[in-house]
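Everything below belongs to final.cif, which stores mmCIF, C-alpha atoms.
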data_data
#
loop_
_atom_site.label_atom_id
_atom_site.label_comp_id
_atom_site.auth_asym_id
_atom_site.auth_seq_id
_atom_site.Cartn_x
_atom_site.Cartn_y
_atom_site.Cartn_z
CA MET A 20 -55.43 12.01 -41.19
CA LEU A 21 -55.54 8.49 -42.51
CA THR A 22 -55.65 8.21 -46.25
CA ALA A 23 -56.26 4.67 -47.41
CA PRO A 24 -57.94 3.99 -50.72
CA LEU A 25 -61.48 2.72 -50.55
CA GLU A 26 -60.56 -0.15 -52.84
CA TYR A 27 -58.22 -1.77 -50.33
CA GLY A 28 -60.89 -2.08 -47.66
CA LEU A 29 -63.51 -3.31 -50.09
CA PHE A 30 -61.09 -5.80 -51.64
CA LEU A 31 -60.15 -7.10 -48.20
CA ALA A 32 -63.87 -7.59 -47.48
CA ALA A 33 -64.27 -9.36 -50.82
CA MET A 34 -61.34 -11.68 -50.11
CA LEU A 35 -62.61 -12.52 -46.63
CA PHE A 36 -66.10 -13.19 -48.02
CA THR A 37 -64.66 -15.41 -50.73
CA MET A 38 -62.60 -17.38 -48.22
CA GLY A 39 -65.66 -17.95 -46.07
CA PHE A 40 -67.62 -19.03 -49.14
CA LEU A 41 -64.85 -21.42 -50.19
CA GLY A 42 -64.71 -22.96 -46.74
CA LEU A 43 -68.50 -23.34 -46.69
CA LEU A 44 -68.33 -25.24 -49.98
CA VAL A 45 -65.44 -27.51 -49.02
CA ARG A 46 -65.88 -28.29 -45.34
CA ARG A 47 -68.37 -30.95 -44.30
CA ASN A 48 -68.09 -30.47 -40.56
CA LEU A 49 -71.12 -28.53 -39.32
CA ILE A 50 -69.11 -26.53 -36.77
CA PHE A 51 -66.66 -25.43 -39.46
CA MET A 52 -69.51 -24.54 -41.80
CA LEU A 53 -70.95 -22.27 -39.11
CA ILE A 54 -67.52 -20.70 -38.59
CA CYS A 55 -67.35 -19.99 -42.33
CA VAL A 56 -70.77 -18.33 -42.20
CA GLU A 57 -69.44 -16.13 -39.40
CA VAL A 58 -66.45 -15.16 -41.55
CA MET A 59 -68.79 -14.21 -44.40
CA LEU A 60 -71.02 -12.11 -42.13
CA ASN A 61 -67.96 -10.36 -40.73
CA ALA A 62 -66.74 -9.58 -44.25
CA ALA A 63 -70.12 -8.10 -45.15
CA GLY A 64 -69.95 -5.92 -42.04
CA LEU A 65 -66.44 -4.80 -42.99
CA ALA A 66 -67.74 -3.69 -46.39
CA PHE A 67 -70.46 -1.65 -44.63
CA ILE A 68 -67.90 -0.02 -42.34
CA VAL A 69 -65.61 0.86 -45.26
CA ALA A 70 -68.51 2.37 -47.17
CA GLY A 71 -69.67 4.29 -44.11
CA ALA A 72 -66.15 5.63 -43.51
CA ARG A 73 -65.91 6.75 -47.13
CA TRP A 74 -68.71 9.26 -46.60
CA GLY A 75 -68.18 9.84 -42.89
CA GLN A 76 -71.75 8.92 -42.02
CA PRO A 77 -72.92 6.68 -39.15
CA ASP A 78 -75.22 4.55 -41.35
CA GLY A 79 -72.54 1.97 -42.13
CA GLN A 80 -71.86 1.43 -38.44
CA ILE A 81 -75.58 1.04 -37.76
CA MET A 82 -75.81 -1.66 -40.42
CA MET A 83 -72.83 -3.37 -38.77
CA ILE A 84 -74.71 -3.34 -35.43
CA PHE A 85 -77.69 -5.01 -37.13
CA ILE A 86 -75.37 -7.61 -38.71
CA LEU A 87 -73.85 -8.25 -35.29
CA THR A 88 -77.31 -8.80 -33.79
CA MET A 89 -78.26 -11.13 -36.59
CA ALA A 90 -75.01 -13.08 -36.24
CA ALA A 91 -75.65 -13.60 -32.52
CA ALA A 92 -79.19 -14.89 -33.14
CA GLU A 93 -77.99 -17.05 -36.03
CA VAL A 94 -75.25 -18.65 -33.96
CA ALA A 95 -77.64 -19.42 -31.10
CA VAL A 96 -80.16 -21.14 -33.35
CA GLY A 97 -77.48 -22.80 -35.47
CA LEU A 98 -75.66 -24.28 -32.51
CA ALA A 99 -78.94 -25.56 -31.05
CA LEU A 100 -79.64 -27.24 -34.40
CA ILE A 101 -76.14 -28.75 -34.44
CA LEU A 102 -76.68 -30.12 -30.92
CA SER A 103 -79.97 -31.70 -32.00
CA ILE A 104 -78.36 -33.22 -35.10
CA TYR A 105 -75.48 -34.58 -33.04
CA ARG A 106 -77.83 -36.15 -30.50
CA ARG A 107 -79.70 -37.96 -33.27
CA THR A 108 -76.94 -38.99 -35.67
CA LYS A 109 -73.86 -39.02 -33.39
CA THR A 110 -71.92 -37.25 -36.11
CA LEU A 111 -71.29 -33.74 -37.38
CA ASP A 112 -71.05 -34.74 -41.02
CA ALA A 113 -73.35 -32.63 -43.18
CA ASP A 114 -73.56 -35.42 -45.78
CA VAL A 115 -75.19 -37.74 -43.25
CA VAL A 116 -77.86 -35.16 -42.53
CA SER A 117 -78.56 -34.74 -46.24
CA GLN A 118 -79.99 -38.26 -46.31
CA MET A 119 -82.92 -37.53 -44.04
CA HIS A 120 -86.34 -37.44 -45.64
CA GLY A 121 -89.40 -35.66 -44.37
CA MET B 24 -47.52 5.61 -47.65
CA ASN B 25 -48.06 6.91 -44.13
CA PHE B 26 -48.03 5.03 -40.88
CA PRO B 27 -51.79 4.28 -40.47
CA PHE B 28 -51.86 2.87 -43.98
CA ILE B 29 -49.00 0.51 -43.13
CA LEU B 30 -50.96 -0.56 -40.04
CA PHE B 31 -53.98 -1.13 -42.27
CA LEU B 32 -51.95 -3.36 -44.59
CA ILE B 33 -50.46 -5.37 -41.72
CA ALA B 34 -53.90 -5.90 -40.16
CA SER B 35 -55.26 -6.92 -43.56
CA PHE B 36 -52.59 -9.57 -44.07
CA VAL B 37 -53.05 -10.88 -40.53
CA ALA B 38 -56.81 -11.09 -41.13
CA LEU B 39 -56.39 -12.95 -44.40
CA GLY B 40 -53.79 -15.39 -43.09
CA SER B 41 -55.63 -16.22 -39.89
CA THR B 42 -58.92 -16.66 -41.76
CA ALA B 43 -57.21 -19.06 -44.16
CA LEU B 44 -55.85 -21.05 -41.23
CA ALA B 45 -59.26 -20.98 -39.53
CA ILE B 46 -61.19 -22.43 -42.45
CA THR B 47 -58.56 -25.08 -43.25
CA GLY B 48 -57.89 -26.24 -39.71
CA ARG B 49 -58.52 -29.81 -38.63
CA HIS B 50 -58.68 -29.07 -34.94
CA ALA B 51 -61.83 -27.13 -34.05
CA VAL B 52 -60.36 -25.31 -31.06
CA HIS B 53 -57.29 -24.21 -33.06
CA ALA B 54 -59.58 -22.96 -35.83
CA LEU B 55 -61.52 -20.94 -33.26
CA LEU B 56 -58.32 -19.37 -31.95
CA TYR B 57 -57.36 -18.36 -35.49
CA LEU B 58 -60.87 -16.97 -35.95
CA ILE B 59 -60.38 -14.83 -32.83
CA LEU B 60 -57.14 -13.49 -34.35
CA SER B 61 -58.98 -12.69 -37.57
CA LEU B 62 -61.77 -10.88 -35.72
CA LEU B 63 -59.28 -8.87 -33.67
CA SER B 64 -57.39 -7.74 -36.76
CA VAL B 65 -60.67 -6.74 -38.40
CA ALA B 66 -61.40 -4.75 -35.22
CA VAL B 67 -58.06 -2.96 -35.71
CA ILE B 68 -59.15 -2.12 -39.26
CA PHE B 69 -62.46 -0.75 -37.93
CA PHE B 70 -60.52 1.44 -35.53
CA LEU B 71 -58.27 2.73 -38.31
CA LEU B 72 -61.32 3.46 -40.45
CA GLY B 73 -62.73 5.80 -37.81
CA ALA B 74 -65.26 3.47 -36.18
CA PRO B 75 -64.00 2.98 -32.59
CA PHE B 76 -67.43 2.00 -31.25
CA ILE B 77 -67.81 -0.85 -33.72
CA ALA B 78 -64.23 -1.95 -33.04
CA ALA B 79 -65.13 -2.33 -29.35
CA LEU B 80 -68.39 -4.14 -30.23
CA GLU B 81 -66.48 -6.49 -32.53
CA VAL B 82 -64.13 -7.48 -29.72
CA ILE B 83 -66.86 -7.78 -27.08
CA ILE B 84 -69.62 -9.51 -29.03
CA TYR B 85 -67.86 -11.41 -31.82
CA ALA B 86 -64.56 -12.36 -30.21
CA GLY B 87 -66.17 -12.56 -26.78
CA ALA B 88 -69.70 -13.88 -26.79
CA ILE B 89 -69.99 -15.73 -30.09
CA ILE B 90 -66.64 -17.52 -29.87
CA VAL B 91 -67.44 -18.56 -26.30
CA LEU B 92 -70.71 -20.06 -27.57
CA PHE B 93 -68.73 -22.06 -30.14
CA LEU B 94 -66.32 -23.21 -27.43
CA PHE B 95 -69.22 -24.36 -25.22
CA ILE B 96 -70.63 -26.49 -28.01
CA ILE B 97 -67.23 -27.96 -28.92
CA MET B 98 -66.68 -28.93 -25.29
CA MET B 99 -70.22 -30.35 -24.99
CA LEU B 100 -69.76 -32.48 -28.09
CA ASN B 101 -66.26 -33.50 -26.98
CA MET B 102 -65.01 -33.13 -30.53
CA GLY B 103 -61.87 -31.24 -29.67
CA THR B 104 -59.63 -34.22 -30.27
CA ARG B 105 -59.95 -34.70 -34.01
CA ASP B 106 -62.15 -33.99 -36.97
CA HIS B 107 -64.53 -36.86 -37.69
CA ASN B 108 -64.11 -36.59 -41.42
CA SER B 109 -60.53 -35.51 -42.02
CA ASP B 110 -60.41 -37.52 -45.22
CA TRP B 111 -62.61 -34.89 -46.83
CA ILE B 112 -59.89 -32.27 -46.48
CA GLN B 113 -57.62 -33.44 -49.28
CA PRO B 114 -56.01 -30.94 -51.66
CA VAL B 115 -57.97 -32.34 -54.61
CA ASN B 116 -61.23 -31.44 -52.90
CA TRP B 117 -60.29 -27.77 -52.88
CA VAL B 118 -59.89 -27.48 -56.67
CA GLY B 119 -63.50 -27.19 -57.85
CA PRO B 120 -64.79 -24.90 -55.12
CA GLY B 121 -61.50 -22.99 -55.31
CA VAL B 122 -62.06 -22.19 -58.98
CA MET B 123 -65.62 -21.05 -58.26
CA ALA B 124 -64.52 -18.91 -55.34
CA ALA B 125 -61.68 -17.40 -57.41
CA LEU B 126 -64.23 -16.49 -60.08
CA LEU B 127 -66.37 -14.80 -57.45
CA LEU B 128 -63.32 -12.92 -56.18
CA ALA B 129 -62.42 -11.84 -59.73
CA VAL B 130 -65.92 -10.50 -60.28
CA LEU B 131 -65.90 -8.60 -56.99
CA GLY B 132 -62.41 -7.22 -57.67
CA THR B 133 -63.41 -6.06 -61.13
CA ALA B 134 -66.48 -4.35 -59.70
CA ILE B 135 -64.37 -2.62 -57.07
CA PHE B 136 -61.41 -1.50 -59.18
CA GLN B 137 -63.37 -0.50 -62.29
CA GLY B 138 -65.58 1.85 -60.32
CA ASN B 139 -64.86 5.47 -59.45
CA PRO B 140 -61.50 5.77 -57.72
CA GLY B 141 -61.66 7.54 -54.41
CA ILE B 142 -59.29 8.42 -51.61
CA LEU B 143 -60.54 7.54 -48.17
CA ASP B 144 -60.29 10.56 -45.88
CA THR B 145 -61.83 8.96 -42.87
CA ARG B 146 -63.58 11.06 -40.29
CA VAL B 147 -64.05 9.50 -36.86
CA VAL B 148 -67.76 8.81 -36.42
CA THR B 149 -68.33 9.03 -32.68
CA PRO B 150 -70.63 6.69 -30.72
CA GLN B 151 -72.83 9.72 -30.05
CA GLU B 152 -73.61 10.16 -33.73
CA VAL B 153 -74.23 6.42 -34.07
CA GLY B 154 -76.63 6.47 -31.11
CA ILE B 155 -78.53 9.52 -32.33
CA SER B 156 -78.97 7.96 -35.74
CA LEU B 157 -79.76 4.53 -34.32
CA PHE B 158 -82.60 5.78 -32.15
CA GLY B 159 -83.74 8.37 -34.68
CA PRO B 160 -84.30 7.26 -38.27
CA TYR B 161 -83.37 3.63 -37.58
CA MET B 162 -85.76 3.12 -34.65
CA ILE B 163 -87.85 0.58 -36.57
CA GLY B 164 -84.69 -1.41 -37.26
CA VAL B 165 -83.88 -1.53 -33.54
CA GLN B 166 -87.35 -2.85 -32.79
CA LEU B 167 -87.10 -5.43 -35.55
CA ALA B 168 -83.70 -6.54 -34.22
CA ALA B 169 -85.22 -6.92 -30.76
CA MET B 170 -88.02 -9.08 -32.16
CA MET B 171 -85.47 -11.17 -34.07
CA LEU B 172 -83.41 -11.72 -30.92
CA LEU B 173 -86.55 -12.83 -29.08
CA ALA B 174 -87.40 -15.20 -31.93
CA GLY B 175 -83.86 -16.61 -31.80
CA LEU B 176 -84.11 -17.11 -28.05
CA VAL B 177 -87.47 -18.88 -28.31
CA GLY B 178 -86.26 -20.96 -31.24
CA ALA B 179 -83.08 -22.12 -29.51
CA THR B 180 -84.98 -22.99 -26.34
CA HIS B 181 -87.62 -24.90 -28.28
CA LEU B 182 -85.01 -26.87 -30.21
CA ARG B 183 -83.35 -27.96 -27.01
CA LYS B 184 -86.60 -28.84 -25.27
CA ARG B 185 -87.91 -31.10 -28.00
CA ASP B 186 -85.16 -33.68 -27.48
CA HIS B 187 -86.11 -34.53 -23.93
#

Target encoding structure tokens, full file:
Amino acid sequence: MLTAPLEYGLFLAAMLFTMGFLGLLVRRNLIFMLICVEVMLNAAGLAFIVAGARWGQPDGQIMMIFILTMAAAEVAVGLALILSIYRRTKTLDADVVSQMHG
Amino acid sequence: MNFPFILFLIASFVALGSTALAITGRHAVHALLYLILSLLSVAVIFFLLGAPFIAALEVIIYAGAIIVLFLFIIMMLNMGTRDHNSDWIQPVNWVGPGVMAALLLAVLGTAIFQGNPGILDTRVVTPQEVGISLFGPYMIGVQLAAMMLLAGLVGATHLRKRDH
């Protein structure tokens, strides 16, 4: 039987979430910002799985399935938005997009 | 320190290192490959934690479908050659957000390690239990997820149509 402390899994999830957050703050390329959002969603799912494994219940895995569904929908809409932005501005710089009004 | 715990530690370090390389990469395709490595190591961790069904879903949906979507867009935009704003990625630009992110990590770590200590005796939760629970008490969540997927589909289609 595997015995790994709960803290290790949760701390790994926290570190992954923090790295995604850091990348989201620093990067200005829209593709990389979306990748960082994916990393953060994955870290949140990892925390759910660790918590579900702690009590041996399926609820954590079900939340992970919902997160997976949401990530798929988010990526589809986000990439469509990125395509639209690229067609209009010919760049993927988020700072350029911040100048649009209305 | 038994063998599965050593596997857990190795997978954790691989996940952290590949995620760091993914978010700092200048080449989008290389960053995606590192992201695949990160997702696969997280899938190994899911397997070790007694969630084999989610480990399979992670490989199929995340490392399969979502990364392929990213690759499609990178190829469509023809941005695989170089980052358009590489001058942003200087070491000095990482200081301020790095301090904020380190503070966030310190808060999360304090919350985790100051809580009740517990030893994880993982029990394998089979896909059967997940399915019974998913279509039992969580039925409304499944229907909401279906509506959200439909909304995402309609939204993505509409965004692409409006350009033409």

Requested in this report: Might you spell out which residues the PyMOL selection byres ((chain A) within 7 of (chain B)) would select in the displayed file, as a ChimeraX atom specification?
Outcome: /A:20-26,30-31,33-35,37-38,40-42,44-45,51,55,69,72-73,75-77,80-81,85,88,91-92,95-96,99-100

Report task. Grab the CA of Val116 in chain A to CA of Val91 in chain B distance for me, in Å with one decimal place. Result -> 25.4 Å

Requested in this report: For each of A:Leu98, A:Ile104, A:Ala90, A:Leu29, take the minimum atom-to-atom distance to Asn61 in chain A, counting only C-alpha atoms, then give the residue where this is smallest.
Outcome: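 Closest to Asn61 in chain A, using only C-alpha atoms: A:Ala90.
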